[in-house]
Amino acid sequence: NLHLFLSTLTQRPRNLLVFINPFGGKGRAPYVYEKQVLPIFKESNINVKGIYTERANHAHDYILNEDLSDYDGLICVGGDGMFAELCHGLLLRTSHEAHLDIYDRQVNLIRPDLKIGVIPAGSTDAVVFGTTGLNDPITSALQIIVGESLLIDIATVHNEKGFVRFMATMLAYGFFGDIIHQSDKWRCLGPLRYDLAGFCQFISNKSYHTELTITLASSSDSSQI
């Protein structure tokens, strides 16, 4: 019996806030959410509030400014950009509530109380594949339902003016950074946009110069987030 099994799980979520990006990838996030994921959540007696994002940073701004005390976790249905938006918003809110100075390069971040779940519905979904080994919405939904989780590394990125942003999965500069920037203009092409942008950047044969400083966390800090 599904409900009997779920009742034995103490770490599973009961109330989730879900952000659906209807513009990411090929626009399949609403279908993935409504037809594949939401029925599973309902069958598992999880209360869900769904928000369809209407602009860039919609989810980011909501997380920063609205009351989240009723929720056990935040879910994004979309691609890697949606995950980055939720992650950045939640880390920024957690840092503000803890009165951390994120402009301090030596700041020790605090792990948020809320967890983030990712339902793949974007172009590449590298975050989901890198953390679960699969790119399947139903598998991700089942992992969320039972409360399965893992920790990922987080870093802050600073320049000479101070804090720039949080970094979760990767930081790109130069050739690959230009590919991501240019491909964003061709979202209508889906995953093909990365191949096209890569070809254009390869033909342009640009050179890059930068100076990079990396500050490693001490062993006592590495377990905090």
# chains A, B, ... in the order shown; residues from 1 in each chain; ligands from 1
>>> residues_around(residues="region 27-38 of chain A", least_positions_apart="2", cutoff="9 Å", atoms="only C-alpha atoms", output="ChimeraX atom specification")
/A:20-25,40-43,48,52,77-79,119-122,137-138,140-142
>>> write_last_selection(atoms="N, CA, C and O atoms", output="mmCIF file, in the first residue's frame")
data_model
loop_
_atom_site.group_PDB
_atom_site.id
_atom_site.type_symbol
_atom_site.label_atom_id
_atom_site.label_comp_id
_atom_site.auth_asym_id
_atom_site.auth_seq_id
_atom_site.Cartn_x
_atom_site.Cartn_y
_atom_site.Cartn_z
ATOM 1 N N ILE A 20 6.872 26.670 -12.292
ATOM 2 C CA ILE A 20 6.869 26.057 -13.622
ATOM 3 C C ILE A 20 7.253 27.116 -14.645
ATOM 4 O O ILE A 20 6.621 28.179 -14.710
ATOM 5 N N ASN A 21 8.280 26.832 -15.420
ATOM 6 C CA ASN A 21 8.729 27.766 -16.448
ATOM 7 C C ASN A 21 8.138 27.364 -17.799
ATOM 8 O O ASN A 21 8.633 26.432 -18.439
ATOM 9 N N PRO A 22 7.100 28.068 -18.265
ATOM 10 C CA PRO A 22 6.449 27.668 -19.516
ATOM 11 C C PRO A 22 7.246 28.041 -20.765
ATOM 12 O O PRO A 22 6.869 27.655 -21.875
ATOM 13 N N PHE A 23 8.354 28.772 -20.586
ATOM 14 C CA PHE A 23 9.117 29.252 -21.741
ATOM 15 C C PHE A 23 10.407 28.464 -21.966
ATOM 16 O O PHE A 23 11.030 28.591 -23.010
ATOM 17 N N GLY A 24 10.845 27.688 -20.990
ATOM 18 C CA GLY A 24 12.119 26.988 -21.095
ATOM 19 C C GLY A 24 12.058 25.814 -22.060
ATOM 20 O O GLY A 24 10.988 25.254 -22.335
ATOM 21 N N GLY A 25 13.252 25.428 -22.567
ATOM 22 C CA GLY A 25 13.316 24.293 -23.480
ATOM 23 C C GLY A 25 12.424 24.499 -24.688
ATOM 24 O O GLY A 25 12.500 25.502 -25.382
ATOM 25 N N ILE A 40 1.178 12.500 -9.470
ATOM 26 C CA ILE A 40 1.956 11.710 -8.508
ATOM 27 C C ILE A 40 1.995 12.399 -7.156
ATOM 28 O O ILE A 40 1.858 11.747 -6.109
ATOM 29 N N PHE A 41 2.188 13.705 -7.168
ATOM 30 C CA PHE A 41 2.181 14.458 -5.913
ATOM 31 C C PHE A 41 0.835 14.325 -5.199
ATOM 32 O O PHE A 41 0.771 14.126 -3.980
ATOM 33 N N LYS A 42 -0.251 14.441 -5.956
ATOM 34 C CA LYS A 42 -1.588 14.343 -5.357
ATOM 35 C C LYS A 42 -1.833 12.954 -4.790
ATOM 36 O O LYS A 42 -2.398 12.808 -3.694
ATOM 37 N N GLU A 43 -1.432 11.927 -5.510
ATOM 38 C CA GLU A 43 -1.606 10.554 -5.048
ATOM 39 C C GLU A 43 -0.819 10.302 -3.773
ATOM 40 O O GLU A 43 -1.203 9.461 -2.949
ATOM 41 N N VAL A 48 0.342 21.024 -2.860
ATOM 42 C CA VAL A 48 1.191 21.713 -3.832
ATOM 43 C C VAL A 48 0.572 23.050 -4.222
ATOM 44 O O VAL A 48 -0.623 23.139 -4.499
ATOM 45 N N TYR A 52 3.219 29.566 -12.257
ATOM 46 C CA TYR A 52 3.779 29.605 -13.593
ATOM 47 C C TYR A 52 4.524 30.932 -13.756
ATOM 48 O O TYR A 52 3.916 31.998 -13.680
ATOM 49 N N VAL A 77 10.210 23.270 -12.209
ATOM 50 C CA VAL A 77 9.932 22.459 -13.389
ATOM 51 C C VAL A 77 10.427 23.258 -14.579
ATOM 52 O O VAL A 77 9.809 24.239 -14.997
ATOM 53 N N GLY A 78 11.571 22.871 -15.092
ATOM 54 C CA GLY A 78 12.203 23.622 -16.171
ATOM 55 C C GLY A 78 13.612 23.110 -16.384
ATOM 56 O O GLY A 78 13.902 21.941 -16.125
ATOM 57 N N GLY A 79 14.476 24.002 -16.819
ATOM 58 C CA GLY A 79 15.847 23.623 -17.108
ATOM 59 C C GLY A 79 16.823 24.088 -16.050
ATOM 60 O O GLY A 79 16.445 24.440 -14.923
ATOM 61 N N ILE A 119 12.553 19.120 -11.401
ATOM 62 C CA ILE A 119 11.860 18.278 -12.377
ATOM 63 C C ILE A 119 12.350 18.694 -13.758
ATOM 64 O O ILE A 119 12.137 19.831 -14.183
ATOM 65 N N PRO A 120 13.024 17.809 -14.499
ATOM 66 C CA PRO A 120 13.611 18.211 -15.778
ATOM 67 C C PRO A 120 12.569 18.485 -16.860
ATOM 68 O O PRO A 120 11.715 17.650 -17.147
ATOM 69 N N ALA A 121 12.660 19.686 -17.444
ATOM 70 C CA ALA A 121 11.767 20.045 -18.549
ATOM 71 C C ALA A 121 12.414 21.136 -19.396
ATOM 72 O O ALA A 121 11.710 21.960 -19.986
ATOM 73 N N GLY A 122 13.743 21.158 -19.421
ATOM 74 C CA GLY A 122 14.459 22.178 -20.174
ATOM 75 C C GLY A 122 15.124 21.613 -21.409
ATOM 76 O O GLY A 122 14.735 20.566 -21.920
ATOM 77 N N PRO A 137 11.336 13.027 -15.651
ATOM 78 C CA PRO A 137 10.499 13.753 -14.684
ATOM 79 C C PRO A 137 9.859 12.866 -13.619
ATOM 80 O O PRO A 137 9.774 13.251 -12.453
ATOM 81 N N ILE A 138 9.407 11.687 -14.003
ATOM 82 C CA ILE A 138 8.737 10.809 -13.040
ATOM 83 C C ILE A 138 9.720 10.307 -11.990
ATOM 84 O O ILE A 138 9.405 10.264 -10.789
ATOM 85 N N SER A 140 12.405 11.837 -10.975
ATOM 86 C CA SER A 140 12.689 12.970 -10.092
ATOM 87 C C SER A 140 11.536 13.217 -9.128
ATOM 88 O O SER A 140 11.753 13.509 -7.949
ATOM 89 N N ALA A 141 10.297 13.093 -9.615
ATOM 90 C CA ALA A 141 9.133 13.290 -8.748
ATOM 91 C C ALA A 141 9.096 12.248 -7.637
ATOM 92 O O ALA A 141 8.796 12.561 -6.477
ATOM 93 N N LEU A 142 9.402 11.002 -7.961
ATOM 94 C CA LEU A 142 9.403 9.941 -6.948
ATOM 95 C C LEU A 142 10.492 10.172 -5.902
ATOM 96 O O LEU A 142 10.288 9.936 -4.712
#
>>> residues_around(residues="Leu2 (chain A)", least_positions_apart="3", cutoff="8 Å", atoms="only C-alpha atoms", output="VMD selection string")
chain A and resid 5 to 6 44
>>> atom_distance(atom1="CA of Gly50 (chain A)", atom2="CA of Phe19 (chain A)")
5.9 Å
>>> closest_residue(among="A:Leu4, A:Ile110, A:Ala84, A:Leu74", to="Met167 (chain A)", atoms="only C-alpha atoms")
A:Ala84
>>> atom_distance(atom1="CA of Asp72 (chain A)", atom2="CA of Lys26 (chain A)")
29.3 Å
>>> select_by_dssp(residues="region 41-105 of chain A", states="helix (DSSP H, G or I)", output="PyMOL selection string")
chain A and resi 41-43+58-65+80-97
>>> closest_residue(among="A:Leu192, A:Ile203, A:Leu212, A:Leu150", to="Phe175 (chain A)", atoms="only C-alpha atoms")
A:Ile203
>>> closest_residue(among="A:Leu91, A:Leu16, A:Val146, A:Met82", to="Ser69 (chain A)", atoms="only C-alpha atoms")
A:Leu16
>>> atom_distance(atom1="CA of Asp80 (chain A)", atom2="CA of Asp125 (chain A)")
5.5 Å
>>> residues_around(residues="His58 (chain A)", least_positions_apart="4", cutoff="12 Å", atoms="only C-alpha atoms", output="JSON, numbers by chain")
{"A": [19, 20, 21, 51, 52, 53, 54, 62, 63, 64, 65, 66, 76, 82, 85, 86, 89]}
>>> residues_around(residues="Thr210 (chain A)", least_positions_apart="3", cutoff="12 Å", atoms="only C-alpha atoms", output="ChimeraX atom specification")
/A:159,173-174,207,213
